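Structure file final_27.txt (compact mmCIF, C-alpha atoms) follows.
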```txt
# COMPACT_ATOMS: atom_id res chain seq x y z
CA LEU T 7 0.00 0.00 0.00
CA SER T 8 1.24 3.42 -0.81
CA SER T 9 0.27 6.49 1.12
CA ALA T 10 -1.16 9.51 -0.63
CA PRO T 11 1.50 12.06 -1.54
CA THR T 12 1.69 15.19 0.64
CA PRO T 13 1.75 18.63 -0.99
CA VAL T 14 5.51 18.82 -0.51
CA ASP T 15 5.92 15.38 -2.11
CA ARG T 16 3.91 16.52 -5.14
CA ALA T 17 5.88 19.75 -5.63
CA PRO T 18 8.85 19.58 -7.93
CA PRO T 19 12.11 19.28 -5.96
CA HIS T 20 13.23 22.84 -6.81
CA ARG T 21 9.91 24.28 -5.43
CA ALA T 22 10.16 22.38 -2.16
CA ALA T 23 13.69 23.71 -1.65
CA GLN T 24 12.53 27.27 -2.33
CA ARG T 25 9.74 27.01 0.21
CA SER T 26 11.96 25.78 2.99
CA SER T 27 14.70 28.42 2.43
CA ARG T 28 12.37 31.46 2.50
CA PRO T 29 11.48 33.15 5.76
CA PRO T 30 7.78 33.41 6.53
CA PRO T 31 6.12 36.51 4.95
CA LEU T 32 5.49 38.11 8.35
CA LEU T 33 9.22 38.01 9.15
CA VAL T 34 10.02 39.58 5.78
CA ARG T 35 7.58 42.44 6.47
CA MET T 36 8.90 42.91 10.01
CA ARG T 37 12.48 43.00 8.74
CA GLY T 38 11.50 45.69 6.23
CA PHE T 39 9.82 47.72 8.94
CA VAL T 40 12.82 47.46 11.27
CA LEU T 41 15.18 48.51 8.47
CA ALA T 42 12.97 51.51 7.68
CA VAL T 43 12.91 52.60 11.34
CA VAL T 44 16.68 52.27 11.65
CA ALA T 45 17.19 54.25 8.44
CA GLY T 46 14.89 56.98 9.76
CA LEU T 47 16.78 57.17 13.05
CA ARG T 48 20.08 57.40 11.21
CA ALA T 49 18.67 60.28 9.13
CA LEU T 50 17.56 62.20 12.25
CA PRO T 51 20.14 64.91 12.86
CA ALA T 52 21.73 64.97 16.29
CA LEU T 53 20.40 67.83 18.40
CA ALA T 54 23.88 69.31 18.62
CA GLU T 55 23.78 69.67 14.81
CA VAL T 56 20.45 71.54 14.80
CA GLU T 57 20.77 75.21 15.65
CA SER T 58 18.20 77.50 17.23
CA VAL T 59 17.62 81.06 16.03
CA LEU T 60 19.80 82.14 18.97
CA GLY T 61 22.76 80.22 17.54
CA ASN T 62 22.94 77.50 20.18
CA SER T 63 21.80 73.85 20.12
CA LEU T 64 18.08 73.51 19.55
CA GLY T 65 16.20 73.30 22.85
CA SER T 66 13.08 71.33 23.61
CA CYS T 67 9.80 72.96 22.66
CA SER T 68 7.78 70.50 24.77
CA GLN T 69 7.89 70.77 28.54
CA PRO T 70 7.17 68.04 31.11
CA GLY T 71 3.44 67.73 31.76
CA THR T 72 2.45 69.08 28.34
CA ALA T 73 1.84 67.35 25.01
CA MET T 74 4.83 66.09 23.02
CA THR T 75 5.37 68.19 19.91
CA GLY T 76 7.64 68.19 16.88
CA PHE T 77 7.22 66.53 13.50
CA THR T 78 9.05 63.50 14.93
CA ARG T 79 7.21 63.84 18.29
CA ASP T 80 10.47 64.05 20.21
CA GLY T 81 9.75 67.49 21.65
CA HIS T 82 11.99 69.37 19.20
CA CYS T 83 11.17 71.51 16.16
CA ARG T 84 13.21 69.51 13.68
CA ASP T 85 12.50 67.12 10.83
CA VAL T 86 13.90 64.10 9.04
CA GLY T 87 15.06 64.80 5.51
CA ASP T 88 12.29 66.08 3.26
CA ASP T 89 9.45 64.28 5.07
CA ASP T 90 8.18 67.38 6.87
CA ALA T 91 6.51 69.34 4.05
CA GLY T 92 5.18 71.94 6.50
CA SER T 93 8.54 72.54 8.15
CA HIS T 94 7.40 72.46 11.80
CA HIS T 95 10.32 74.66 12.87
CA ILE T 96 8.82 77.45 14.99
CA CYS T 97 8.10 76.89 18.67
CA ILE T 98 5.31 79.04 20.05
CA GLN T 99 3.28 79.07 23.21
CA MET T 100 0.05 77.63 21.81
CA LYS T 101 -3.02 79.79 22.05
CA SER T 102 -6.52 78.38 21.62
CA ASP T 103 -7.26 80.64 18.62
CA PHE T 104 -4.26 79.47 16.55
CA CYS T 105 -6.19 76.79 14.62
CA LYS T 106 -9.11 79.09 13.85
CA VAL T 107 -6.94 82.03 12.82
CA THR T 108 -4.79 79.88 10.52
CA GLY T 109 -7.80 78.06 9.00
CA GLN T 110 -6.98 74.60 10.38
CA PRO T 111 -9.24 72.01 12.01
CA ASN T 112 -9.43 72.59 15.77
CA TRP T 113 -6.66 70.35 17.09
CA CYS T 114 -5.23 73.18 19.20
CA GLN T 115 -7.33 72.36 22.26
CA GLN T 116 -7.00 68.57 22.06
CA GLU T 117 -4.95 66.55 24.51
CA MET T 118 -2.10 64.48 23.11
CA PRO T 119 0.53 62.08 24.49
CA CYS T 120 2.52 63.69 27.30
CA MET T 121 6.18 64.49 27.56
CA GLY T 122 7.77 62.64 30.45
CA GLN T 123 4.69 60.80 31.71
CA GLU T 124 1.95 58.39 30.65
CA GLY T 125 -1.40 59.58 29.35
CA LEU T 126 -2.66 62.64 27.54
CA CYS T 127 -1.77 66.25 28.31
CA PRO T 128 -2.87 69.66 27.05
CA ILE T 129 -0.82 71.38 24.39
CA GLY T 130 1.59 73.93 25.87
CA ASN T 131 4.37 74.98 23.51
CA TRP T 132 4.03 73.64 19.98
CA CYS T 133 6.17 73.36 16.84
CA VAL T 134 4.15 75.06 14.11
CA CYS T 135 4.67 75.10 10.36
CA GLN T 136 6.48 78.03 8.83
CA TRP T 137 3.46 78.81 6.61
CA ALA T 138 1.10 78.67 9.60
CA PHE T 139 3.28 81.00 11.67
CA ALA T 140 3.41 83.54 8.83
CA ARG T 141 -0.36 83.29 8.32
CA TYR T 142 -0.97 83.59 12.08
CA ILE T 143 0.93 86.88 12.22
CA THR T 144 -0.96 88.28 9.22
CA MET T 145 -4.42 87.10 10.29
CA ALA T 146 -3.98 88.00 13.98
CA GLY T 147 -3.06 91.59 13.16
CA GLY T 148 0.73 91.57 13.37
CA CYS T 149 3.55 90.40 15.58
CA ASP T 150 2.22 92.22 18.66
CA SER T 151 -1.03 90.24 18.47
CA ILE T 152 0.47 86.74 18.63
CA VAL T 153 1.69 84.51 21.44
CA ASP T 154 5.26 84.12 22.62
CA VAL T 155 7.93 82.63 20.38
CA VAL T 156 10.17 80.18 22.26
CA CYS T 157 13.45 81.30 20.72
CA ASP T 158 15.84 78.62 22.01
CA ALA T 159 13.48 75.95 20.60
CA THR T 160 12.85 77.64 17.22
CA ASN T 161 14.88 76.07 14.43
CA MET T 162 17.35 78.25 12.50
CA ALA T 163 16.00 76.55 9.33
CA ALA T 164 12.87 78.71 9.60
CA PHE T 165 14.92 81.89 9.97
CA ARG T 166 17.00 81.00 6.89
CA ALA T 167 13.93 80.05 4.83
CA TYR T 168 12.24 83.36 5.65
CA GLU T 169 15.49 85.23 4.83
CA GLN T 170 15.59 83.64 1.37
CA SER T 171 11.95 84.35 0.58
CA ASP T 172 10.60 87.42 -1.20
CA VAL T 173 7.02 86.80 0.02
CA PRO T 174 5.86 89.77 2.15
CA GLU T 175 4.26 87.51 4.81
CA HIS T 176 7.57 85.65 5.19
CA LYS T 177 9.46 88.93 5.60
CA GLU T 178 6.94 89.90 8.31
CA ALA T 179 7.47 86.52 10.03
CA LEU T 180 11.25 87.01 9.90
CA ALA T 181 10.95 90.50 11.39
CA CYS T 182 8.71 89.10 14.14
CA ILE T 183 11.21 86.37 15.05
CA LYS T 184 14.03 88.92 15.08
CA ARG T 185 12.06 91.23 17.36
CA ARG T 186 10.71 88.56 19.71
CA CYS T 187 14.11 86.85 19.99
CA ASN T 188 16.18 90.06 20.20
CA ILE T 189 18.18 89.25 17.06
CA ALA T 190 19.94 92.25 15.56
CA SER T 191 19.38 92.90 11.86
CA ALA T 192 22.45 92.42 9.72
```
The structure in this file should be written as structure tokens.
Amino acid sequence: LSSAPTPVDRAPPHRAAQRSSRPPPLLVRMRGFVLAVVAGLRALPALAEVESVLGNSLGSCSQPGTAMTGFTRDGHCRDVGDDDAGSHHICIQMKSDFCKVTGQPNWCQQEMPCMGQEGLCPIGNWCVCQWAFARYITMAGGCDSIVDVVCDATNMAAFRAYEQSDVPEHKEALACIKRRCNIASA
């Protein structure tokens, strides 16, 4: 009596060998994910390399007991490569009207994961997009009408981008940062 062939017995020898040498699909996907995370971490500039508008190392925008901010949600107004299309480089003390004034959905009053503790916390300081900061100044009625800029946590990349722009709103945003952060005009 012969037993019925199993699926492996029926497969040509080269197919059976291929099946046994391949890792399971879940492991392949997990490996890809891990490699992507490691590549992203390698691309993240060290904080010592990221400069604030004051010329020192970029400080933390988030504070303990408030929501974690930053494009990478590490508390700092920095990005990874070209992933951050909005350039979340400007740290401001969040005000409840920011979302409405800039024409965004109302996320400004939501609670988000905390810095330094479990659970959700209110937004305190927040890394805002360069375009949103410029719009906020214009729509709020000028630099005197907006909240505080946290200068040691505001990325020099925003300052340089505004310097290179010819857009009047960007020039107004640059002037506001200079004034609020006591940066002399060159």
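Atom pair CA of Arg79 (chain T) / CA of Glu178 (chain T): separated by 27.9 Å.
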Between CA of Ala146 (chain T) and CA of Thr72 (chain T), what is the spacing in Å?
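Those two atoms sit 24.6 Å apart.
With only C-alpha atoms taken into account, every residue lying no more than 6 Å from the file point (5.7, 78.9, 22.8) is included here: T:Cys97, T:Ile98, T:Gln99, T:Met100, T:Asn131, T:Asp154, T:Val155, T:Val156.
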Output the selection as a PDB file, in the coordinates of the input - C-alpha atoms for each residue.
```pdb
ATOM      1  CA  CYS T  97       8.100  76.890  18.670  1.00  0.00           C
ATOM      2  CA  ILE T  98       5.310  79.040  20.050  1.00  0.00           C
ATOM      3  CA  GLN T  99       3.280  79.070  23.210  1.00  0.00           C
ATOM      4  CA  MET T 100       0.050  77.630  21.810  1.00  0.00           C
ATOM      5  CA  ASN T 131       4.370  74.980  23.510  1.00  0.00           C
ATOM      6  CA  ASP T 154       5.260  84.120  22.620  1.00  0.00           C
ATOM      7  CA  VAL T 155       7.930  82.630  20.380  1.00  0.00           C
ATOM      8  CA  VAL T 156      10.170  80.180  22.260  1.00  0.00           C
TER       9      VAL T 156
END
```
Could you please determine the separation between CA of Leu64 (chain T) and CA of Met118 (chain T) in Å, to one decimal place?
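Separating CA of Leu64 (chain T) from CA of Met118 (chain T) is a distance of 22.4 Å.
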If we draw a sphere of 10 Å around (2.8, 62.9, 31.3), which residues have at least one atom in it when counting all atoms listed in the file? Please report them as a PDB file with C-alpha atoms, in the frame of the given file.
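Output saved as result-v5.pdb:
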```pdb
ATOM      1  CA  GLN T  69       7.890  70.770  28.540  1.00  0.00           C
ATOM      2  CA  PRO T  70       7.170  68.040  31.110  1.00  0.00           C
ATOM      3  CA  GLY T  71       3.440  67.730  31.760  1.00  0.00           C
ATOM      4  CA  THR T  72       2.450  69.080  28.340  1.00  0.00           C
ATOM      5  CA  ALA T  73       1.840  67.350  25.010  1.00  0.00           C
ATOM      6  CA  MET T  74       4.830  66.090  23.020  1.00  0.00           C
ATOM      7  CA  MET T 118      -2.100  64.480  23.110  1.00  0.00           C
ATOM      8  CA  PRO T 119       0.530  62.080  24.490  1.00  0.00           C
ATOM      9  CA  CYS T 120       2.520  63.690  27.300  1.00  0.00           C
ATOM     10  CA  MET T 121       6.180  64.490  27.560  1.00  0.00           C
ATOM     11  CA  GLY T 122       7.770  62.640  30.450  1.00  0.00           C
ATOM     12  CA  GLN T 123       4.690  60.800  31.710  1.00  0.00           C
ATOM     13  CA  GLU T 124       1.950  58.390  30.650  1.00  0.00           C
ATOM     14  CA  GLY T 125      -1.400  59.580  29.350  1.00  0.00           C
ATOM     15  CA  LEU T 126      -2.660  62.640  27.540  1.00  0.00           C
ATOM     16  CA  CYS T 127      -1.770  66.250  28.310  1.00  0.00           C
ATOM     17  CA  PRO T 128      -2.870  69.660  27.050  1.00  0.00           C
TER      18      PRO T 128
END
```
Between T:Cys105, T:Val59, T:Ala159, T:Cys135, which is the closest to Gly81 (chain T) once you count only C-alpha atoms?
T:Ala159
